[in-house]
Amino acid sequence: MNSAYLAYAAKRLAQALVVSVLAYILTFVVVSILPGDPITNVLRDPQNGFTEDEIKAIIAAQGLDQPIPVQLWTSLSHFVTGDFGLSMRSSRPVATLIAEVLPSTLTLASAAFAIALLLAVTIGYGTQFLPKRLGQGLLRGLPSLFLSVPNFVIGLILIHVFGFQLGLFRVIEPNSFWATLFASIALGIPISARIAEVLIANLDKESEQEYAAVARGRGLTQMRLFARHLLKPSSLPVVTVIALAIGELLGGSLITETVFGRTGIGSLVQRSVSTQDLPVLQAVVSLAALVFVIVNLLADLGYPLLDPRVKLIGDRKYRPTTADDSPATVTAAVTS
Amino acid sequence: MTFASFSDSRTSISRLSAVRVPPTVALSFAVIAIVVAWALAPELFTGHSPIVGVPAEKLLSPNASHWFGTDHLGRDLYTRVVYGTASSVTSALIAVTIAAVAGGFMGLLAGFLGGWVDILLARLVDVLLAIPNFLLAVIVVTAIGFDTTNAAIATGVSAVAVFARVMRSEVIKTRRATFVEAAFLMGGSRWHILLRHVLPNASRSVLPLAVLQFGLSILVIASLAFLGYGDPPPASDWGLLISIGKDYLKWPWLVYAPAFVTIATVLSVNRISRWLRKTD
């Protein structure tokens with residue numbers, strides 16, 4: 001822990017803070033250009049039975065007649081203290097609505113993540129040790145195939161095969177063990193592909209290293225060679241992909257929850273989109289961005305600590321080869 | 001990128017014939033050719049109507065006269081898929097164009113001007129990356145209204161950051177090249193160098209990315225259509241067809257046929273993108 005690292009950490013932290021606030025503002029701007037006038041639409045709903053004067057009073061009390069920048073400031077300062085406002089449809093605190101559905105989404109997302117990791121490592125193992133002709137090509141093509149299948153199609157295939165044909169679960173019981181498992185598989189498969197792509201590239205690189213040859217020469221078992229000499233050094237670059245995968249888990253849960261009929265953050269968003277429930281959308285999107293920023297901050301801060309070869313040069317940080325980077329974008333500062 | 005490869009003046013056509021095309025890539029091009037043909041002239045590929053069905057022939061399984069079977073209104077599913085192609089493909093094209101132009105422009109400015117412009121744009125890109133892609137597309141399409149064109153715009157917006165990042169790094173790499181330095185020394189103006197030397201070279205690696213993003217956009221737009229954020233029926237975008245099919249899982253071809261077409265298209269596009277990246 002030297003002063004260069006502390007300076008780097010401070011800079012990254014400040015950046016993360018700025019990005020979080022900007023994400024909130026961007027969301028606010030996008031959400032506030034919604035067509036029509038969702039706020040008065042709700043208030044004028046005959047079921048609510050407000051008179052014109054009452055509507056004006058409510059609007060004034062909520063500060064909705066203030067200029068947009070003032071509204072933004074009020075809403076942002078409330079958000080920081082954990083007050084996400086009231087849902088426009090149910091008049092309940094947005095924080096409560098989110099807290100209610102969060103466990104379900106967390107279960108789904110963490111199971112999906114575990115499955116994605118397991119699948120990626122299995123594919124990675126196969127690409128190193130399966131005979132060249134037999135299956136290796138197939139395994140190497142698997143990530144590409146996974147990324148070409150719409151997320152909801154994977155879900156529908158699983159429901160059709162395992163739910164309808166094999167009768168393992170029933171669609172009307174979305175929280176049963178099997179239904180949750182298959183929902184997690186549907187969500188996990190595209191994410192496993194992203195991890196596998198990077199893992200395979202790094203495993204290939206590692207297996208060409210001299211120490212891998214030495215380990216092979218010492219007669220280590222495949223499993224040991226893989227775990228200690230190939231997987232371990234390859235897992236660091238994967239950390240960055242994993243951090244990026246968090247966003248995909250959140251986005252993917254929207255589809256998966258719809259397909260499997262689960263309640264969760266995704267279905268909350270979908271409901272809020274169709275009812276134009278602005279406070280809920282604002283809160284969920286900003287929280288998603290916040291989670292993403294924090295996870296990536298942790299990954300970036302942890303990286304130099306985990307890999308002593310990484311030297312921090314200015315604001316350039318070590319970035320491993322990731323799938324969507326062209327070789328040029330990788331500004332590696334590794335000295336070996 | 002060296003000076004030699006830059007001054008290489010072979011046309012792209014002779015380059016294509018010089019490179020041997022692997023069979024899977026040839027197959028991918030064939031798939032894309034069919035899809036493009038479907039999009040341009042759907043009436044040449046089917047004699048059925050995509051909108052008016054024959055009620056007596058509803059929910060038939062795939063057979064000689066109905067390759068993909070028929071749906072719950074007795075419409076030929078193959079015809080629906082063929083007629084849905086134009087909108088599915090065009091919207092992905094719109095999305096990629098928006099993302100490549102806006103993102104490319106941002107990356108170009110950030111990389112070439114540097115300084116505070118770079119810092120400002122870098123933060124904007126960070127913000128766009130921070131909001132999960134699909135969630136961003138969903139709120140943008142919510143804000144501008146539900147139809148297929150808007151879904152395409154939203155998908156494009158959500159992909160701007162990726163292009164900006166790649167373009168920026170390519171521009172920075174090109175800017176340091178010897179020939180750009182030479183152009184500066186010969187008295188070329190900033191804008192002349194930017195447009196004449198930096199842009200053409202930096203855009204090279206944007207092409208494979210654009211192709212890859214085209215495939216991704218098909219998926220994202222299909223997902224938006226699946227959630228009902230695109231044109232309503234009787235439109236027959238691939239995502240919408242799958243979405244309708246999910247209510248009739250007893251007749252699984254209603255899901256599998258349009259899904260198969262979508263997957264084949266995206267797989268082909270991805271294969272071509274990977275091939276482009278390798279040969280460039």
# chains A, B, ... in the order shown; residues from 1 in each chain; ligands from 1
>>> closest_atom_pairs(of="chain A", to="chain B", cutoff="7 Å", atoms="only C-alpha atoms", output="tab-separated table")
residue	atom	partner	partner_atom	distance
A:Val19	CA	B:Val127	CA	5.5
A:Leu22	CA	B:Val127	CA	6.5
A:Ala23	CA	B:Val127	CA	5.3
A:Val30	CA	B:Ala143	CA	6.4
A:Val31	CA	B:Ala143	CA	6.1
A:Ile33	CA	B:Ala143	CA	6.0
A:Leu34	CA	B:Ala143	CA	4.2
A:Pro35	CA	B:Ala143	CA	6.3
A:Leu145	CA	B:Leu267	CA	6.5
A:Ser148	CA	B:Leu267	CA	5.3
A:Val149	CA	B:Ile263	CA	5.3
A:Pro150	CA	B:Leu219	CA	5.6
A:Val153	CA	B:Ala259	CA	6.7
A:His160	CA	B:Leu249	CA	6.6
A:Gly247	CA	B:Pro132	CA	4.6
A:Glu248	CA	B:Pro132	CA	6.3
A:Leu250	CA	B:Pro132	CA	6.9
A:Gly251	CA	B:Phe134	CA	5.1
A:Val273	CA	B:Thr142	CA	6.5
A:Val285	CA	B:Ile131	CA	6.8
A:Ala288	CA	B:Ile131	CA	6.5
A:Ala289	CA	B:Ile131	CA	4.6
A:Phe292	CA	B:Ala130	CA	5.9
A:Val293	CA	B:Ala130	CA	6.2
A:Ala328	CA	B:Ser169	CA	6.5
A:Thr329	CA	B:Ser169	CA	5.4
>>> write_last_selection(atoms="N, CA and C atoms", output="PDB file, in the first residue's frame")
ATOM      1  N   VAL A  19     -19.653   9.785 -11.522  1.00  0.00           N
ATOM      2  CA  VAL A  19     -20.439   8.978 -12.454  1.00  0.00           C
ATOM      3  C   VAL A  19     -21.804   8.628 -11.858  1.00  0.00           C
ATOM      4  N   LEU A  22     -23.989  11.706 -12.040  1.00  0.00           N
ATOM      5  CA  LEU A  22     -24.369  11.964 -13.431  1.00  0.00           C
ATOM      6  C   LEU A  22     -25.402  10.942 -13.921  1.00  0.00           C
ATOM      7  N   ALA A  23     -25.243   9.692 -13.482  1.00  0.00           N
ATOM      8  CA  ALA A  23     -26.207   8.664 -13.888  1.00  0.00           C
ATOM      9  C   ALA A  23     -27.594   9.020 -13.373  1.00  0.00           C
ATOM     10  N   VAL A  30     -34.046  11.721 -18.801  1.00  0.00           N
ATOM     11  CA  VAL A  30     -34.755  10.809 -19.700  1.00  0.00           C
ATOM     12  C   VAL A  30     -36.177  10.574 -19.214  1.00  0.00           C
ATOM     13  N   VAL A  31     -36.297  10.322 -17.905  1.00  0.00           N
ATOM     14  CA  VAL A  31     -37.614  10.004 -17.359  1.00  0.00           C
ATOM     15  C   VAL A  31     -38.547  11.214 -17.417  1.00  0.00           C
ATOM     16  N   ILE A  33     -38.769  13.422 -19.705  1.00  0.00           N
ATOM     17  CA  ILE A  33     -39.327  13.777 -21.010  1.00  0.00           C
ATOM     18  C   ILE A  33     -40.378  12.764 -21.459  1.00  0.00           C
ATOM     19  N   LEU A  34     -40.874  11.957 -20.508  1.00  0.00           N
ATOM     20  CA  LEU A  34     -41.930  11.003 -20.845  1.00  0.00           C
ATOM     21  C   LEU A  34     -43.080  11.712 -21.543  1.00  0.00           C
ATOM     22  N   PRO A  35     -43.676  11.046 -22.532  1.00  0.00           N
ATOM     23  CA  PRO A  35     -44.757  11.691 -23.281  1.00  0.00           C
ATOM     24  C   PRO A  35     -45.978  11.907 -22.402  1.00  0.00           C
ATOM     25  N   LEU A 145     -22.442 -19.197 -29.678  1.00  0.00           N
ATOM     26  CA  LEU A 145     -23.831 -19.639 -29.838  1.00  0.00           C
ATOM     27  C   LEU A 145     -24.704 -19.048 -28.729  1.00  0.00           C
ATOM     28  N   SER A 148     -25.785 -15.664 -29.250  1.00  0.00           N
ATOM     29  CA  SER A 148     -26.634 -15.409 -30.405  1.00  0.00           C
ATOM     30  C   SER A 148     -28.089 -15.768 -30.146  1.00  0.00           C
ATOM     31  N   VAL A 149     -28.347 -16.345 -28.982  1.00  0.00           N
ATOM     32  CA  VAL A 149     -29.713 -16.756 -28.675  1.00  0.00           C
ATOM     33  C   VAL A 149     -30.348 -15.696 -27.777  1.00  0.00           C
ATOM     34  N   PRO A 150     -31.510 -15.163 -28.190  1.00  0.00           N
ATOM     35  CA  PRO A 150     -32.163 -14.203 -27.298  1.00  0.00           C
ATOM     36  C   PRO A 150     -32.422 -14.847 -25.946  1.00  0.00           C
ATOM     37  N   VAL A 153     -35.627 -16.612 -25.423  1.00  0.00           N
ATOM     38  CA  VAL A 153     -35.789 -17.887 -26.125  1.00  0.00           C
ATOM     39  C   VAL A 153     -35.222 -19.032 -25.288  1.00  0.00           C
ATOM     40  N   HIS A 160     -40.453 -25.080 -22.125  1.00  0.00           N
ATOM     41  CA  HIS A 160     -41.108 -26.058 -22.990  1.00  0.00           C
ATOM     42  C   HIS A 160     -40.603 -27.475 -22.722  1.00  0.00           C
ATOM     43  N   GLY A 247     -24.202  -5.709 -14.560  1.00  0.00           N
ATOM     44  CA  GLY A 247     -25.196  -4.941 -15.297  1.00  0.00           C
ATOM     45  C   GLY A 247     -26.080  -5.843 -16.135  1.00  0.00           C
ATOM     46  N   GLU A 248     -25.442  -6.856 -16.724  1.00  0.00           N
ATOM     47  CA  GLU A 248     -26.194  -7.744 -17.573  1.00  0.00           C
ATOM     48  C   GLU A 248     -27.181  -8.602 -16.771  1.00  0.00           C
ATOM     49  N   LEU A 250     -28.727  -7.611 -14.115  1.00  0.00           N
ATOM     50  CA  LEU A 250     -29.862  -6.742 -13.802  1.00  0.00           C
ATOM     51  C   LEU A 250     -30.782  -6.571 -15.006  1.00  0.00           C
ATOM     52  N   GLY A 251     -30.160  -6.303 -16.171  1.00  0.00           N
ATOM     53  CA  GLY A 251     -30.957  -6.132 -17.383  1.00  0.00           C
ATOM     54  C   GLY A 251     -31.663  -7.425 -17.766  1.00  0.00           C
ATOM     55  N   VAL A 273     -43.080   0.699 -16.087  1.00  0.00           N
ATOM     56  CA  VAL A 273     -43.017   1.245 -17.443  1.00  0.00           C
ATOM     57  C   VAL A 273     -44.426   1.367 -18.004  1.00  0.00           C
ATOM     58  N   VAL A 285     -33.405   2.508 -11.785  1.00  0.00           N
ATOM     59  CA  VAL A 285     -32.313   2.727 -12.731  1.00  0.00           C
ATOM     60  C   VAL A 285     -31.101   3.322 -12.028  1.00  0.00           C
ATOM     61  N   ALA A 288     -29.435   0.680  -9.947  1.00  0.00           N
ATOM     62  CA  ALA A 288     -28.706  -0.269 -10.790  1.00  0.00           C
ATOM     63  C   ALA A 288     -27.363   0.318 -11.189  1.00  0.00           C
ATOM     64  N   ALA A 289     -27.382   1.601 -11.583  1.00  0.00           N
ATOM     65  CA  ALA A 289     -26.128   2.249 -11.961  1.00  0.00           C
ATOM     66  C   ALA A 289     -25.174   2.309 -10.770  1.00  0.00           C
ATOM     67  N   PHE A 292     -23.595  -1.021 -10.142  1.00  0.00           N
ATOM     68  CA  PHE A 292     -22.590  -1.254 -11.179  1.00  0.00           C
ATOM     69  C   PHE A 292     -21.318  -0.467 -10.888  1.00  0.00           C
ATOM     70  N   VAL A 293     -21.481   0.803 -10.534  1.00  0.00           N
ATOM     71  CA  VAL A 293     -20.326   1.658 -10.262  1.00  0.00           C
ATOM     72  C   VAL A 293     -19.530   1.120  -9.076  1.00  0.00           C
ATOM     73  N   ALA A 328      -6.338  -2.802 -29.364  1.00  0.00           N
ATOM     74  CA  ALA A 328      -5.799  -1.463 -29.172  1.00  0.00           C
ATOM     75  C   ALA A 328      -6.278  -0.829 -27.876  1.00  0.00           C
ATOM     76  N   THR A 329      -7.468  -1.208 -27.423  1.00  0.00           N
ATOM     77  CA  THR A 329      -8.011  -0.530 -26.263  1.00  0.00           C
ATOM     78  C   THR A 329      -7.383  -1.022 -24.967  1.00  0.00           C
TER      79      THR A 329
END
>>> select_by_dssp(residues="segment 255-298 of chain A", states="alpha helix (DSSP H)", output="PyMOL selection string")
chain A and resi 255-260+265-274+278-298
>>> write_last_selection(atoms="C-alpha atoms", output="compact mmCIF listing (two decimals), in the first residue's frame")
# COMPACT_ATOMS: atom_id res chain seq x y z
CA ILE A 255 -36.71 -10.55 -19.38
CA THR A 256 -36.23 -13.69 -17.32
CA GLU A 257 -38.70 -12.63 -14.67
CA THR A 258 -41.27 -11.86 -17.33
CA VAL A 259 -40.78 -15.20 -19.06
CA PHE A 260 -40.95 -17.25 -15.87
CA ILE A 265 -37.01 -5.98 -9.74
CA GLY A 266 -37.49 -6.81 -13.40
CA SER A 267 -41.23 -7.25 -13.17
CA LEU A 268 -41.41 -4.12 -11.00
CA VAL A 269 -39.71 -2.17 -13.78
CA GLN A 270 -42.02 -3.65 -16.37
CA ARG A 271 -45.09 -2.72 -14.37
CA SER A 272 -43.75 0.77 -13.75
CA VAL A 273 -43.02 1.24 -17.44
CA SER A 274 -46.56 0.38 -18.42
CA LEU A 278 -41.67 7.72 -12.70
CA PRO A 279 -40.34 7.58 -9.12
CA VAL A 280 -39.98 3.80 -9.28
CA LEU A 281 -38.17 3.91 -12.62
CA GLN A 282 -35.89 6.68 -11.40
CA ALA A 283 -34.99 4.78 -8.25
CA VAL A 284 -34.43 1.39 -9.89
CA VAL A 285 -32.31 2.73 -12.73
CA SER A 286 -30.16 4.90 -10.47
CA LEU A 287 -29.71 2.07 -7.99
CA ALA A 288 -28.71 -0.27 -10.79
CA ALA A 289 -26.13 2.25 -11.96
CA LEU A 290 -24.93 2.70 -8.39
CA VAL A 291 -24.46 -1.05 -7.91
CA PHE A 292 -22.59 -1.25 -11.18
CA VAL A 293 -20.33 1.66 -10.26
CA ILE A 294 -19.54 0.23 -6.82
CA VAL A 295 -18.77 -3.26 -8.11
CA ASN A 296 -16.48 -1.88 -10.79
CA LEU A 297 -14.81 0.41 -8.30
CA LEU A 298 -14.08 -2.57 -6.07
>>> residues_around(residues="segment 113-124 of chain A", least_positions_apart="6", cutoff="8 Å", atoms="only C-alpha atoms", output="list in words")
Leu139, Arg140, Ser184, Ile185, Gly188, Ile189, Pro190, Ile191, Ser192, Ala193, Ile195, Ala196, Leu199, Ile200, Leu203 and Leu249 of chain A
